[in-house]
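*Asks:* Have a peek at query_6.tsv (TSV, C-alpha atoms).
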```
chain	number	residue	atom	x	y	z
T	161	MET	CA	30.82	15.52	48.57
T	162	LYS	CA	29.28	16.81	45.34
T	163	LYS	CA	29.95	13.45	43.70
T	164	ILE	CA	28.20	11.59	46.53
T	165	LEU	CA	25.19	13.90	46.28
T	166	LEU	CA	25.07	13.42	42.51
T	167	ILE	CA	25.21	9.64	42.80
T	168	THR	CA	22.49	9.74	45.47
T	169	TYR	CA	20.25	11.88	43.24
T	170	ILE	CA	20.72	9.60	40.24
T	171	SER	CA	20.10	6.49	42.35
T	172	LEU	CA	16.87	7.99	43.69
T	173	ILE	CA	15.74	8.87	40.19
T	174	LEU	CA	16.52	5.37	38.94
T	175	LEU	CA	14.62	3.83	41.86
T	176	LEU	CA	11.60	5.96	41.05
T	177	VAL	CA	11.60	5.53	37.30
T	178	ILE	CA	12.82	2.00	36.58
T	179	PRO	CA	9.93	0.16	38.28
T	180	VAL	CA	7.52	2.10	36.05
T	181	THR	CA	9.23	0.91	32.89
T	182	GLN	CA	9.79	-2.63	34.13
T	183	GLY	CA	6.17	-3.02	35.20
T	184	ARG	CA	5.05	-2.84	31.58
T	185	ARG	CA	6.41	-6.18	30.57
T	186	PRO	CA	5.36	-7.46	27.16
T	187	GLN	CA	3.18	-10.49	27.00
T	188	PHE	CA	6.05	-12.34	25.35
T	189	ASP	CA	9.68	-11.47	25.65
T	190	PRO	CA	11.31	-12.61	22.41
T	191	PHE	CA	14.76	-12.63	23.88
T	192	TYR	CA	13.81	-15.21	26.45
T	193	TYR	CA	13.02	-18.12	24.24
T	194	PRO	CA	16.07	-18.75	22.10
T	195	GLU	CA	18.36	-18.69	25.11
T	196	HIS	CA	16.50	-21.02	27.44
T	197	PRO	CA	14.89	-24.31	26.54
T	198	VAL	CA	11.58	-25.07	28.23
T	199	ILE	CA	11.87	-28.86	28.29
T	200	THR	CA	15.09	-30.76	28.88
T	201	PRO	CA	15.81	-34.47	29.47
T	202	GLY	CA	14.51	-35.57	32.86
T	203	PHE	CA	11.66	-33.05	32.79
T	204	GLN	CA	9.28	-35.93	33.50
T	205	GLY	CA	11.71	-38.10	35.45
T	206	ASN	CA	12.70	-41.34	33.82
T	207	LEU	CA	10.08	-41.02	31.08
T	208	ASP	CA	12.24	-38.60	29.14
T	209	SER	CA	15.58	-39.06	30.84
T	210	SER	CA	17.55	-39.60	27.61
T	211	TYR	CA	16.00	-37.37	24.96
T	212	VAL	CA	13.17	-34.93	24.37
T	213	LYS	CA	12.21	-34.56	20.73
T	214	HIS	CA	9.54	-33.65	18.17
T	215	PRO	CA	7.64	-30.87	19.96
T	216	GLU	CA	4.06	-30.25	18.89
T	217	LEU	CA	2.87	-26.88	20.11
T	218	PHE	CA	-0.86	-26.51	20.67
T	219	TRP	CA	-3.11	-23.71	21.98
T	220	ASP	CA	-6.35	-24.94	23.53
T	221	GLY	CA	-7.88	-21.50	23.95
T	222	ALA	CA	-6.70	-21.05	27.52
T	223	ASN	CA	-3.40	-22.86	27.84
T	224	PHE	CA	-0.44	-23.88	25.77
T	225	ARG	CA	0.45	-27.53	25.38
T	226	ILE	CA	3.56	-29.20	24.08
T	227	TYR	CA	3.15	-32.80	23.05
T	228	TYR	CA	6.55	-34.35	22.48
T	229	THR	CA	8.53	-37.55	22.20
T	230	GLY	CA	10.20	-38.56	25.45
T	231	ILE	CA	12.83	-41.30	25.32
T	232	ASP	CA	13.82	-43.07	28.52
T	233	TRP	CA	17.15	-44.65	29.46
T	234	MET	CA	16.06	-47.96	27.92
T	235	GLY	CA	15.40	-46.25	24.59
T	236	VAL	CA	11.61	-46.56	24.85
T	237	SER	CA	9.85	-43.66	23.16
T	238	ARG	CA	6.50	-42.37	24.38
T	239	ILE	CA	4.36	-39.33	23.66
T	240	LEU	CA	4.35	-36.99	26.66
T	241	LEU	CA	2.59	-33.74	27.47
T	242	ALA	CA	3.63	-30.45	29.11
T	243	LEU	CA	1.25	-27.59	29.99
T	244	SER	CA	1.74	-23.85	30.44
T	245	ASP	CA	-0.37	-20.72	30.70
T	246	ASN	CA	2.48	-18.28	30.03
T	247	LEU	CA	4.97	-20.13	27.80
T	248	VAL	CA	7.64	-19.70	30.46
T	249	ASP	CA	6.61	-22.06	33.26
T	250	TRP	CA	5.83	-25.57	32.06
T	251	THR	CA	4.26	-28.36	34.09
T	252	PRO	CA	4.79	-32.06	33.34
T	253	ALA	CA	1.46	-33.69	32.51
T	254	GLY	CA	2.59	-37.27	32.01
T	255	ILE	CA	2.07	-39.84	29.31
T	256	VAL	CA	-0.33	-39.26	26.47
T	257	LEU	CA	0.48	-42.42	24.55
T	258	GLU	CA	2.49	-45.53	25.46
T	259	PRO	CA	3.81	-48.04	22.94
T	260	GLY	CA	1.12	-50.65	22.27
T	261	GLY	CA	1.13	-54.33	23.09
T	262	ASP	CA	1.80	-56.82	20.35
T	263	THR	CA	0.84	-54.34	17.66
T	264	PHE	CA	2.14	-52.02	14.96
T	265	ASP	CA	3.43	-49.57	17.60
T	266	LYS	CA	4.84	-51.99	20.14
T	267	ASP	CA	8.40	-50.68	19.70
T	268	GLY	CA	7.68	-47.00	20.08
T	269	VAL	CA	5.39	-44.05	19.48
T	270	SER	CA	6.86	-40.71	18.48
T	271	ALA	CA	6.56	-37.45	16.51
T	272	PRO	CA	3.06	-36.42	17.63
T	273	GLU	CA	0.81	-34.23	15.52
T	274	ILE	CA	-2.40	-32.89	17.04
T	275	ILE	CA	-5.31	-31.24	15.27
T	276	LYS	CA	-8.76	-30.49	16.61
T	277	VAL	CA	-11.67	-30.87	14.20
T	278	ASP	CA	-15.31	-30.54	15.28
T	279	GLY	CA	-14.38	-30.90	18.94
T	280	ILE	CA	-12.36	-34.09	18.43
T	281	TYR	CA	-8.61	-34.17	19.00
T	282	HIS	CA	-6.84	-36.25	16.37
T	283	LEU	CA	-3.38	-37.50	17.31
T	284	TYR	CA	-1.23	-38.69	14.42
T	285	TYR	CA	2.12	-40.22	15.23
T	286	THR	CA	4.96	-42.36	14.00
T	287	ALA	CA	4.42	-45.97	15.03
T	288	SER	CA	7.26	-48.49	15.10
T	289	ASN	CA	6.99	-52.25	15.43
T	290	GLY	CA	10.72	-52.78	15.14
T	291	GLN	CA	10.48	-53.46	11.42
T	292	TRP	CA	8.37	-50.70	9.85
T	293	PHE	CA	7.72	-47.05	10.50
T	294	GLN	CA	4.08	-46.23	9.83
T	295	ILE	CA	1.72	-43.37	10.59
T	296	ALA	CA	-1.05	-44.13	13.07
T	297	HIS	CA	-4.01	-42.28	14.53
T	298	VAL	CA	-5.97	-42.21	17.76
T	299	SER	CA	-8.60	-39.69	18.85
T	300	SER	CA	-9.70	-38.09	22.11
T	301	SER	CA	-12.37	-35.73	23.39
T	302	ASP	CA	-10.02	-33.74	25.63
T	303	GLY	CA	-6.62	-34.03	23.96
T	304	ILE	CA	-5.18	-35.75	27.01
T	305	ASN	CA	-6.77	-39.18	27.32
T	306	PHE	CA	-6.18	-41.15	24.13
T	307	SER	CA	-7.49	-44.54	25.14
T	308	GLY	CA	-9.47	-45.30	21.99
T	309	GLN	CA	-8.76	-47.50	19.02
T	310	ARG	CA	-5.41	-46.97	17.33
T	311	ASN	CA	-5.24	-47.42	13.58
T	312	ILE	CA	-2.63	-47.20	10.88
T	313	VAL	CA	-3.60	-44.43	8.48
T	314	LEU	CA	-0.60	-44.59	6.17
T	315	GLY	CA	1.98	-47.31	5.72
T	316	PRO	CA	4.94	-47.85	3.40
T	317	SER	CA	4.14	-47.89	-0.29
T	318	TYR	CA	6.26	-51.05	-0.82
T	319	ASN	CA	7.00	-49.60	-4.25
T	320	SER	CA	10.75	-49.56	-4.87
T	321	GLU	CA	10.33	-46.68	-7.32
T	322	ARG	CA	8.97	-44.42	-4.62
T	323	PHE	CA	10.60	-42.34	-1.87
T	324	ASP	CA	8.35	-43.95	0.79
T	325	SER	CA	8.90	-47.58	-0.18
T	326	ILE	CA	9.92	-48.88	3.24
T	327	GLY	CA	8.53	-46.44	5.76
T	328	VAL	CA	6.62	-43.24	6.55
T	329	GLY	CA	6.58	-41.02	9.62
T	330	ASN	CA	6.69	-37.54	11.17
T	331	PRO	CA	3.27	-36.44	9.95
T	332	SER	CA	1.94	-32.89	9.83
T	333	VAL	CA	-1.78	-32.55	9.21
T	334	ILE	CA	-4.15	-29.68	8.57
T	335	TYR	CA	-7.89	-29.68	7.92
T	336	HIS	CA	-8.62	-27.45	4.96
T	337	ASN	CA	-11.54	-27.30	2.52
T	338	ASP	CA	-13.23	-30.28	4.23
T	339	MET	CA	-10.18	-32.46	3.72
T	340	PHE	CA	-7.35	-33.69	5.90
T	341	HIS	CA	-4.02	-32.94	4.24
T	342	MET	CA	-0.98	-34.78	5.52
T	343	VAL	CA	2.65	-34.05	4.70
T	344	TYR	CA	4.98	-36.80	5.86
T	345	ARG	CA	8.52	-38.04	5.62
T	346	GLY	CA	9.23	-41.12	3.51
T	347	TYR	CA	11.95	-43.74	3.89
T	348	ASP	CA	13.49	-45.62	1.00
T	349	GLY	CA	16.87	-46.56	2.40
T	350	SER	CA	18.71	-43.66	0.77
T	351	PRO	CA	20.44	-40.94	2.78
T	352	TRP	CA	18.24	-38.28	1.15
T	353	ARG	CA	15.10	-37.21	2.89
T	354	ARG	CA	11.90	-36.41	1.05
T	355	LEU	CA	8.35	-35.41	1.91
T	356	GLY	CA	5.11	-36.69	0.49
T	357	LEU	CA	1.47	-35.64	0.54
T	358	ALA	CA	-1.62	-37.70	1.32
T	359	THR	CA	-5.24	-36.63	1.74
T	360	SER	CA	-8.31	-37.97	3.46
T	361	SER	CA	-11.95	-37.01	3.83
T	362	ASP	CA	-12.36	-38.59	7.28
T	363	GLY	CA	-8.85	-38.37	8.73
T	364	LEU	CA	-8.61	-42.14	8.97
T	365	GLU	CA	-7.92	-43.39	5.46
T	366	PHE	CA	-5.32	-41.43	3.52
T	367	THR	CA	-4.57	-41.59	-0.17
T	368	ARG	CA	-1.12	-40.76	-1.48
T	369	LEU	CA	-0.68	-38.06	-4.03
T	370	MET	CA	1.08	-39.62	-6.98
T	371	VAL	CA	3.71	-37.25	-8.35
T	372	ASP	CA	5.86	-38.39	-11.24
T	373	HIS	CA	9.09	-36.69	-10.25
T	374	ASP	CA	11.63	-37.01	-7.44
T	375	ARG	CA	10.48	-40.56	-6.67
T	376	GLY	CA	6.97	-39.36	-5.94
T	377	ALA	CA	7.91	-36.73	-3.37
T	378	ILE	CA	6.42	-33.25	-3.21
T	379	PHE	CA	9.50	-31.80	-1.53
T	380	GLY	CA	13.01	-33.14	-1.53
T	381	ARG	CA	16.57	-32.02	-1.93
T	382	GLY	CA	17.20	-28.35	-2.50
T	383	PRO	CA	19.97	-26.69	-4.50
T	384	LYS	CA	23.44	-26.70	-3.00
T	385	GLY	CA	23.07	-25.26	0.47
T	386	PHE	CA	21.33	-25.80	3.78
T	387	ASP	CA	18.80	-28.39	2.52
T	388	ASP	CA	20.71	-30.16	-0.23
T	389	GLY	CA	20.40	-33.37	1.80
T	390	GLY	CA	16.63	-33.11	1.82
T	391	ALA	CA	13.79	-32.33	4.22
T	392	ASP	CA	12.33	-34.01	7.28
T	393	ASP	CA	9.90	-33.26	10.16
T	394	PRO	CA	7.47	-31.13	8.12
T	395	GLU	CA	5.17	-28.64	9.80
T	396	ILE	CA	2.43	-27.21	7.60
T	397	TRP	CA	-0.12	-24.59	8.54
T	398	LEU	CA	-2.47	-22.04	7.04
T	399	GLY	CA	-1.21	-18.47	7.18
T	400	ASN	CA	-3.48	-15.52	7.84
T	401	ASP	CA	-3.70	-15.02	4.07
T	402	ASN	CA	-4.96	-18.62	3.82
T	403	SER	CA	-1.79	-19.72	2.04
T	404	VAL	CA	-0.22	-23.01	3.03
T	405	ARG	CA	3.17	-22.60	4.65
T	406	MET	CA	5.76	-25.09	5.78
T	407	LEU	CA	8.70	-25.24	8.11
T	408	TYR	CA	10.86	-28.33	7.93
T	409	THR	CA	14.07	-29.80	9.19
T	410	SER	CA	16.66	-29.24	6.52
T	411	LEU	CA	19.59	-31.54	6.10
T	412	HIS	CA	23.00	-30.60	4.78
T	413	TYR	CA	25.70	-33.28	4.62
F	349	MET	CA	23.91	-30.48	9.86
F	350	PHE	CA	20.25	-29.91	10.69
F	351	ARG	CA	18.55	-26.55	10.37
F	352	ILE	CA	14.99	-25.35	9.77
F	353	GLY	CA	13.84	-24.28	6.35
F	354	TYR	CA	10.78	-22.33	5.26
F	355	ALA	CA	8.67	-22.89	2.17
F	356	VAL	CA	5.37	-21.49	0.97
F	357	ASN	CA	2.59	-22.06	-1.54
F	358	GLY	CA	1.95	-25.79	-0.96
F	359	PHE	CA	0.60	-28.43	-1.21
F	360	LYS	CA	1.78	-30.00	-4.43
F	361	SER	CA	4.60	-27.64	-5.18
F	362	TRP	CA	6.56	-25.36	-2.90
F	363	ASN	CA	8.74	-22.28	-3.12
F	364	ARG	CA	11.75	-22.37	-0.89
F	365	ARG	CA	12.20	-19.17	1.10
F	366	GLY	CA	15.37	-19.98	3.02
F	367	MET	CA	16.54	-20.95	6.46
F	368	ILE	CA	15.36	-19.71	9.85
F	369	LYS	CA	18.18	-18.19	11.85
F	370	ALA	CA	17.80	-19.93	15.19
F	371	ILE	CA	21.27	-21.23	15.86
F	372	GLY	CA	22.44	-20.52	19.39
F	373	LYS	CA	25.87	-19.80	20.72
F	374	GLU	CA	28.35	-22.61	21.17
F	375	ASN	CA	27.32	-24.99	23.99
F	376	GLU	CA	23.85	-23.45	24.26
F	377	TRP	CA	20.87	-25.75	23.94
F	378	ASN	CA	20.53	-25.02	20.20
F	379	GLY	CA	24.17	-24.27	19.49
F	380	PHE	CA	24.83	-27.41	17.45
F	381	ASP	CA	21.60	-28.20	15.58
F	382	PHE	CA	17.97	-27.25	15.57
F	383	ARG	CA	15.16	-29.13	13.92
F	384	SER	CA	11.60	-30.47	14.09
F	385	PRO	CA	9.61	-27.22	14.16
F	386	SER	CA	6.04	-26.80	15.34
F	387	VAL	CA	4.11	-23.60	14.66
F	388	LEU	CA	1.25	-21.63	16.18
F	389	ASP	CA	0.34	-18.76	13.88
F	390	PHE	CA	-1.61	-16.00	15.61
F	391	GLY	CA	-1.40	-13.64	12.65
F	392	ASP	CA	0.61	-10.81	14.19
F	393	TYR	CA	3.17	-13.19	15.57
F	394	THR	CA	4.17	-16.80	15.23
F	395	LEU	CA	5.29	-19.10	18.00
F	396	ILE	CA	7.70	-21.83	17.03
F	397	ALA	CA	8.66	-24.78	19.21
F	398	MET	CA	11.70	-26.70	18.08
F	399	GLU	CA	14.13	-29.37	19.04
F	400	GLY	CA	17.58	-27.98	19.82
F	401	TRP	CA	20.86	-29.81	20.25
F	402	ALA	CA	23.82	-28.55	22.24
F	403	ASP	CA	25.95	-31.35	20.80
F	404	ARG	CA	25.31	-34.71	19.14
F	405	TYR	CA	23.92	-36.20	22.33
F	406	SER	CA	21.98	-33.47	24.15
F	407	SER	CA	18.50	-32.52	23.03
F	408	ALA	CA	16.08	-29.97	24.44
F	409	ILE	CA	12.86	-28.30	23.41
F	410	GLY	CA	12.68	-24.53	23.20
F	411	LEU	CA	10.50	-21.78	21.87
F	412	MET	CA	11.06	-18.76	19.72
F	413	ILE	CA	8.78	-16.07	18.44
F	414	GLY	CA	8.56	-14.48	15.06
F	415	VAL	CA	6.92	-11.05	14.96
F	416	GLU	CA	5.93	-8.92	12.04
F	417	ARG	CA	7.03	-5.58	13.55
F	418	TRP	CA	9.17	-5.11	16.63
F	419	LEU	CA	10.72	-1.80	17.66
F	420	LYS	CA	13.54	-2.23	20.11
F	421	PRO	CA	16.01	0.32	21.49
F	422	PHE	CA	19.67	-0.65	21.50
F	423	ASP	CA	19.96	0.74	25.07
F	424	ASN	CA	17.52	1.06	27.93
F	425	ALA	CA	18.51	4.62	28.82
F	426	VAL	CA	20.01	7.81	27.46
F	427	VAL	CA	22.41	9.51	29.85
F	428	ILE	CA	23.45	13.09	29.13
F	429	ASN	CA	26.30	14.74	30.98
F	430	ARG	CA	25.94	18.42	30.12
F	431	ARG	CA	29.56	19.10	30.94
F	432	GLN	CA	30.41	16.98	27.92
F	433	SER	CA	27.47	17.67	25.63
F	434	GLN	CA	23.90	18.93	25.68
F	435	THR	CA	22.73	16.17	23.38
F	436	SER	CA	22.98	12.43	23.22
F	437	SER	CA	21.48	9.79	21.00
F	438	ILE	CA	19.95	6.35	21.02
F	439	GLU	CA	19.31	3.90	18.22
F	440	LEU	CA	16.05	2.08	17.62
F	441	GLY	CA	15.91	-1.00	15.43
F	442	ASN	CA	13.16	-2.93	13.69
F	443	TYR	CA	13.66	-6.56	14.65
F	444	GLY	CA	10.50	-7.74	12.89
F	445	ALA	CA	9.95	-9.30	9.51
F	446	GLY	CA	7.88	-6.46	8.03
F	447	ASN	CA	7.97	-2.66	7.71
F	448	LEU	CA	7.51	-0.68	10.91
F	449	THR	CA	6.19	2.89	11.19
F	450	ILE	CA	7.19	5.28	13.98
F	451	THR	CA	4.36	7.73	14.40
F	452	GLY	CA	5.49	10.01	17.20
F	453	PHE	CA	7.60	10.83	20.23
F	454	THR	CA	6.79	12.39	23.60
F	455	VAL	CA	8.97	13.24	26.58
F	456	THR	CA	7.63	13.46	30.13
F	457	ASN	CA	10.05	16.14	31.30
F	458	PRO	CA	10.38	19.38	29.28
F	459	VAL	CA	14.08	19.70	30.01
F	460	PHE	CA	14.51	16.94	27.43
F	461	SER	CA	13.64	17.29	23.77
F	462	VAL	CA	13.66	15.11	20.67
F	463	GLN	CA	15.71	16.78	17.97
F	464	ASN	CA	14.91	14.58	15.00
F	465	PRO	CA	13.07	15.68	11.89
F	466	SER	CA	9.34	15.08	11.77
F	467	GLU	CA	7.84	11.62	11.82
F	468	PRO	CA	6.55	9.25	10.54
F	469	PHE	CA	9.62	7.16	9.96
F	470	ILE	CA	9.36	3.86	8.19
F	471	LEU	CA	11.89	1.26	9.18
F	472	LYS	CA	12.37	-1.75	6.97
F	473	PRO	CA	13.29	-5.09	8.59
F	474	ALA	CA	16.70	-4.81	10.30
F	475	GLU	CA	16.86	-1.05	9.71
F	476	LYS	CA	17.65	1.31	12.56
F	477	LEU	CA	17.03	4.96	13.39
F	478	LYS	CA	19.19	7.23	15.53
F	479	ILE	CA	17.25	9.64	17.74
F	480	TYR	CA	18.95	12.71	19.18
F	481	ILE	CA	17.91	13.91	22.62
F	482	GLY	CA	18.59	17.45	23.86
F	483	PHE	CA	18.98	18.41	27.53
F	484	GLN	CA	18.48	21.97	28.76
F	485	PRO	CA	17.97	22.00	32.54
F	486	GLU	CA	16.72	24.99	34.47
F	487	ASN	CA	19.04	24.34	37.41
F	488	SER	CA	22.00	22.18	38.35
F	489	MET	CA	19.95	19.32	39.76
F	490	PRO	CA	19.96	15.98	37.94
F	491	SER	CA	16.80	15.29	35.95
F	492	ALA	CA	15.02	12.23	34.67
F	493	GLY	CA	12.25	11.58	32.23
F	494	ILE	CA	10.81	9.07	29.81
F	495	LEU	CA	11.05	9.19	26.05
F	496	ARG	CA	7.97	7.47	24.71
F	497	VAL	CA	8.08	6.24	21.11
F	498	PHE	CA	4.79	5.49	19.37
F	499	SER	CA	4.78	3.06	16.48
F	500	ASN	CA	2.93	0.06	15.11
F	501	SER	CA	5.35	-2.30	16.87
F	502	MET	CA	3.65	-5.44	18.12
F	503	ILE	CA	5.78	-5.57	21.22
F	504	ASN	CA	6.47	-2.91	23.85
F	505	ASN	CA	4.29	-0.32	22.18
F	506	PRO	CA	4.71	2.46	23.08
F	507	THR	CA	8.40	1.94	23.66
F	508	ASP	CA	9.74	3.71	26.74
F	509	ILE	CA	13.33	4.84	27.13
F	510	LEU	CA	14.69	6.28	30.34
F	511	LEU	CA	16.31	9.73	30.05
F	512	ILE	CA	18.81	10.96	32.65
F	513	GLY	CA	20.57	14.30	32.54
F	514	PHE	CA	22.97	15.89	34.98
```
Is it possible to give me this structure as structure tokens?

*Replies:*
Amino acid sequence: MKKILLITYISLILLLVIPVTQGRRPQFDPFYYPEHPVITPGFQGNLDSSYVKHPELFWDGANFRIYYTGIDWMGVSRILLALSDNLVDWTPAGIVLEPGGDTFDKDGVSAPEIIKVDGIYHLYYTASNGQWFQIAHVSSSDGINFSGQRNIVLGPSYNSERFDSIGVGNPSVIYHNDMFHMVYRGYDGSPWRRLGLATSSDGLEFTRLMVDHDRGAIFGRGPKGFDDGGADDPEIWLGNDNSVRMLYTSLHY
Amino acid sequence: MFRIGYAVNGFKSWNRRGMIKAIGKENEWNGFDFRSPSVLDFGDYTLIAMEGWADRYSSAIGLMIGVERWLKPFDNAVVINRRQSQTSSIELGNYGAGNLTITGFTVTNPVFSVQNPSEPFILKPAEKLKIYIGFQPENSMPSAGILRVFSNSMINNPTDILLIGF
């Protein structure tokens, strides 16, 4: 009988106290995110039924957006959008960019990079015409409707001495000191992956930085370890101390 | 094998800082590979979206958060059975990337007491602190209270821990 009374008392106490502690949920629960993906194949039906790749996280001041590459069952890659106001519940928002017609991006658009400068959303992406990977640009006033002119802003160097001789892609761009700075991945046919830097004053015409080491790359293979195969998918940003920081996909064979 | 690395001090030259530990358990969405990071830096914390792979063929997009200071108890409650002992303990860890300072403790029920030496305590990243809780009831009824830990943690601050004594 005493045991039953004790259990009843403890249960009552728990009922009274636990809701108080649970009601003070943090704005973000760090444990949640690593264990549960927010976008999986089929999130937008057939548009991304095979793969979801290359997320680009963006905060518009009121909502979070993820621009990403969705690949359908035919292997067609498009740039899609998902929206959320709490980082937990995401809503499909459809296609942001389709592959073009008979153009430089007719075979696929992927790896979106969004920056907003002076109220204009600039979308940089990897464009494929089936032969070359190039970096293209299109702008928008709302970050959702990108129906304007598409242009190539950086193509292959066609210089066999360089790391980006046959293709460029996966751009990351920041606007800093009145200049657009782009870090990108270069292709030269080798298994090693390297990153290059290009700059622009208007965000439309980029000039490569010429570096005379590592085939012209600013970042390549690391010492023996997790990135000794090189780097891909760069993401650069300005830290709160105004230093430039970078996360990247590391490759280890 | 694809992972995510971190480097600083660009643009033309970079210092490698190492690899982000974001690998999941086997068969989880990021249990095989993770790659293609995207960052939102809000100063106190950083949100990272990334592409995760459960195997060679299954991709997904997930989020993780990096915080500068995060105080987290190893348990949600301290239970003291006075027939066994009049004290119990709980451990608090700093899960953030920077130093964390614990500035004070309070308990909502005077039958419980914090028996540690005086604060502040500074916890370095990944360090933990064991807090001892005393229980001296006035009668035989079970009691409950809240231990409130004040710190400069960016999450769950103050940190509440349920106290139960019987």

*Asks:* Counting all atoms listed in the file, what are the residues of chain F within 7 Å of chain T, and for each of them which pair of atoms is the nearest and at what distance in Å, to one decimal? Sort the table by chain and rising number, as a tab-separated table.

*Replies:*
```
residue	atom	partner	partner_atom	distance
F:Met349	CA	T:His412	CA	5.2
F:Phe350	CA	T:Leu411	CA	4.9
F:Arg351	CA	T:Ser410	CA	5.1
F:Ile352	CA	T:Thr409	CA	4.6
F:Gly353	CA	T:Tyr408	CA	5.3
F:Tyr354	CA	T:Leu407	CA	4.6
F:Ala355	CA	T:Met406	CA	5.1
F:Val356	CA	T:Arg405	CA	4.4
F:Asn357	CA	T:Val404	CA	5.4
F:Gly358	CA	T:Val404	CA	5.3
F:Phe359	CA	T:Val404	CA	6.9
F:Lys360	CA	T:Ile378	CA	5.8
F:Ser361	CA	T:Ile378	CA	6.2
F:Trp377	CA	T:Pro197	CA	6.7
F:Arg383	CA	T:Thr409	CA	4.9
F:Ser384	CA	T:Asp393	CA	5.1
F:Pro385	CA	T:Glu395	CA	6.4
F:Ser386	CA	T:Glu216	CA	5.3
F:Val387	CA	T:Leu217	CA	6.5
F:Leu388	CA	T:Leu217	CA	6.8
F:Asp389	CA	T:Gly399	CA	6.9
F:Gly391	CA	T:Asn400	CA	5.6
F:Ala397	CA	T:Pro215	CA	6.2
F:Met398	CA	T:Pro215	CA	6.1
F:Glu399	CA	T:Lys213	CA	5.8
F:Ser407	CA	T:Tyr211	CA	5.8
F:Ala408	CA	T:Thr200	CA	4.6
F:Ile409	CA	T:Ile199	CA	5.0
F:Gly410	CA	T:Pro197	CA	4.0
F:Leu411	CA	T:Tyr193	CA	5.0
F:Met412	CA	T:Tyr193	CA	5.0
F:Ile413	CA	T:Pro190	CA	5.8
F:Pro490	CA	T:Tyr169	CA	6.7
F:Ala492	CA	T:Ile173	CA	6.5
F:Ile503	CA	T:Pro186	CA	6.2
F:Asn504	CA	T:Pro186	CA	5.7
F:Asp508	CA	T:Thr181	CA	6.8
```

*Asks:* Report as an MDAnalysis selection string all protein, DNA and RNA residues lying within 6 Å of region 468-471 of chain F, evaluated on all atoms listed in the file, omitting residues in the same chain fewer than 5 positions from it.

*Replies:* chainID F and resid 447:451

*Asks:* Using the selection just defined, write its residues with C-alpha atoms as a PDB file, keeping the file's coordinate frame.

*Replies:*
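Listed below is the output, again-v4.pdb:
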```
ATOM      1  CA  ASN F 447       7.970  -2.660   7.710  1.00  0.00           C
ATOM      2  CA  LEU F 448       7.510  -0.680  10.910  1.00  0.00           C
ATOM      3  CA  THR F 449       6.190   2.890  11.190  1.00  0.00           C
ATOM      4  CA  ILE F 450       7.190   5.280  13.980  1.00  0.00           C
ATOM      5  CA  THR F 451       4.360   7.730  14.400  1.00  0.00           C
TER       6      THR F 451
END
```

*Asks:* To one decimal place, how far is CA of Trp250 (chain T) from CA of Arg310 (chain T) in Å?

*Replies:*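 About the pair CA of Trp250 (chain T) and CA of Arg310 (chain T): they are 28.3 Å apart.
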
*Asks:* Do you have the CA of Ala253 (chain T)-CA of Leu241 (chain T) distance handy?

*Replies:*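 That distance, rounded to one decimal, is 5.2 Å.
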
*Asks:* In Å, with one decimal, what is the gap from CA of Ala402 (chain F) to CA of Val236 (chain T)?

*Replies:* 21.9 Å

*Asks:* Find the residues around Gly290 (chain T) up to 10 Å (all atoms listed in the file counted), leave out those fewer than 6 positions away in its own chain, and share them as number ranges by chain.

*Replies:* T: 264-268

*Asks:* Name the closest residue to Asn505 (chain F) among the candidates F:Gly372, F:Gly414, F:Gly400, F:Gly452; distances are taken between atoms, counting all atoms listed in the file.

*Replies:*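 Smallest distance to Asn505 (chain F) is found for F:Gly452.
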
*Asks:* Within 8 Å of (-2.2, -17.1, 29.8) in the file's own coordinates, which protein, DNA or RNA residues have an atom, counting all atoms listed in the file? List them as a ChimeraX atom specification.

*Replies:* /T:222-223,244-246

*Asks:* Identify the residues around (6.3, 14.4, 25.8) within a radius of 10 Å, measuring from all atoms listed in the file in the coordinates stated by the file, and give them as a PyMOL selection string.

*Replies:* chain F and resi 452-458+460-462+493-497

*Asks:* Convert the current residue selection to file output with C-alpha atoms, as a PDB file, in the frame of the given file.

*Replies:*
```
ATOM      1  CA  GLY F 452       5.490  10.010  17.200  1.00  0.00           C
ATOM      2  CA  PHE F 453       7.600  10.830  20.230  1.00  0.00           C
ATOM      3  CA  THR F 454       6.790  12.390  23.600  1.00  0.00           C
ATOM      4  CA  VAL F 455       8.970  13.240  26.580  1.00  0.00           C
ATOM      5  CA  THR F 456       7.630  13.460  30.130  1.00  0.00           C
ATOM      6  CA  ASN F 457      10.050  16.140  31.300  1.00  0.00           C
ATOM      7  CA  PRO F 458      10.380  19.380  29.280  1.00  0.00           C
ATOM      8  CA  PHE F 460      14.510  16.940  27.430  1.00  0.00           C
ATOM      9  CA  SER F 461      13.640  17.290  23.770  1.00  0.00           C
ATOM     10  CA  VAL F 462      13.660  15.110  20.670  1.00  0.00           C
ATOM     11  CA  GLY F 493      12.250  11.580  32.230  1.00  0.00           C
ATOM     12  CA  ILE F 494      10.810   9.070  29.810  1.00  0.00           C
ATOM     13  CA  LEU F 495      11.050   9.190  26.050  1.00  0.00           C
ATOM     14  CA  ARG F 496       7.970   7.470  24.710  1.00  0.00           C
ATOM     15  CA  VAL F 497       8.080   6.240  21.110  1.00  0.00           C
TER      16      VAL F 497
END
```

*Asks:* Identify, on the basis of all atoms listed in the file, every residue whose closest approach to Phe293 (chain T) does not exceed 6 Å; exclude the query and any residue fewer than 3 positions from it along the same chain; express the result as an NGL selection string.

*Replies:* :T and (287-288 or 327-328)

*Asks:* Take the selection from the previous step and output its residues with C-alpha atoms, as a short mmCIF file (atom, residue, chain, number, x, y, z; two decimals), keeping the file's coordinate frame.

*Replies:*
```cif
data_model
loop_
_atom_site.label_atom_id
_atom_site.label_comp_id
_atom_site.auth_asym_id
_atom_site.auth_seq_id
_atom_site.Cartn_x
_atom_site.Cartn_y
_atom_site.Cartn_z
CA ALA T 287 4.42 -45.97 15.03
CA SER T 288 7.26 -48.49 15.10
CA GLY T 327 8.53 -46.44 5.76
CA VAL T 328 6.62 -43.24 6.55
#
```
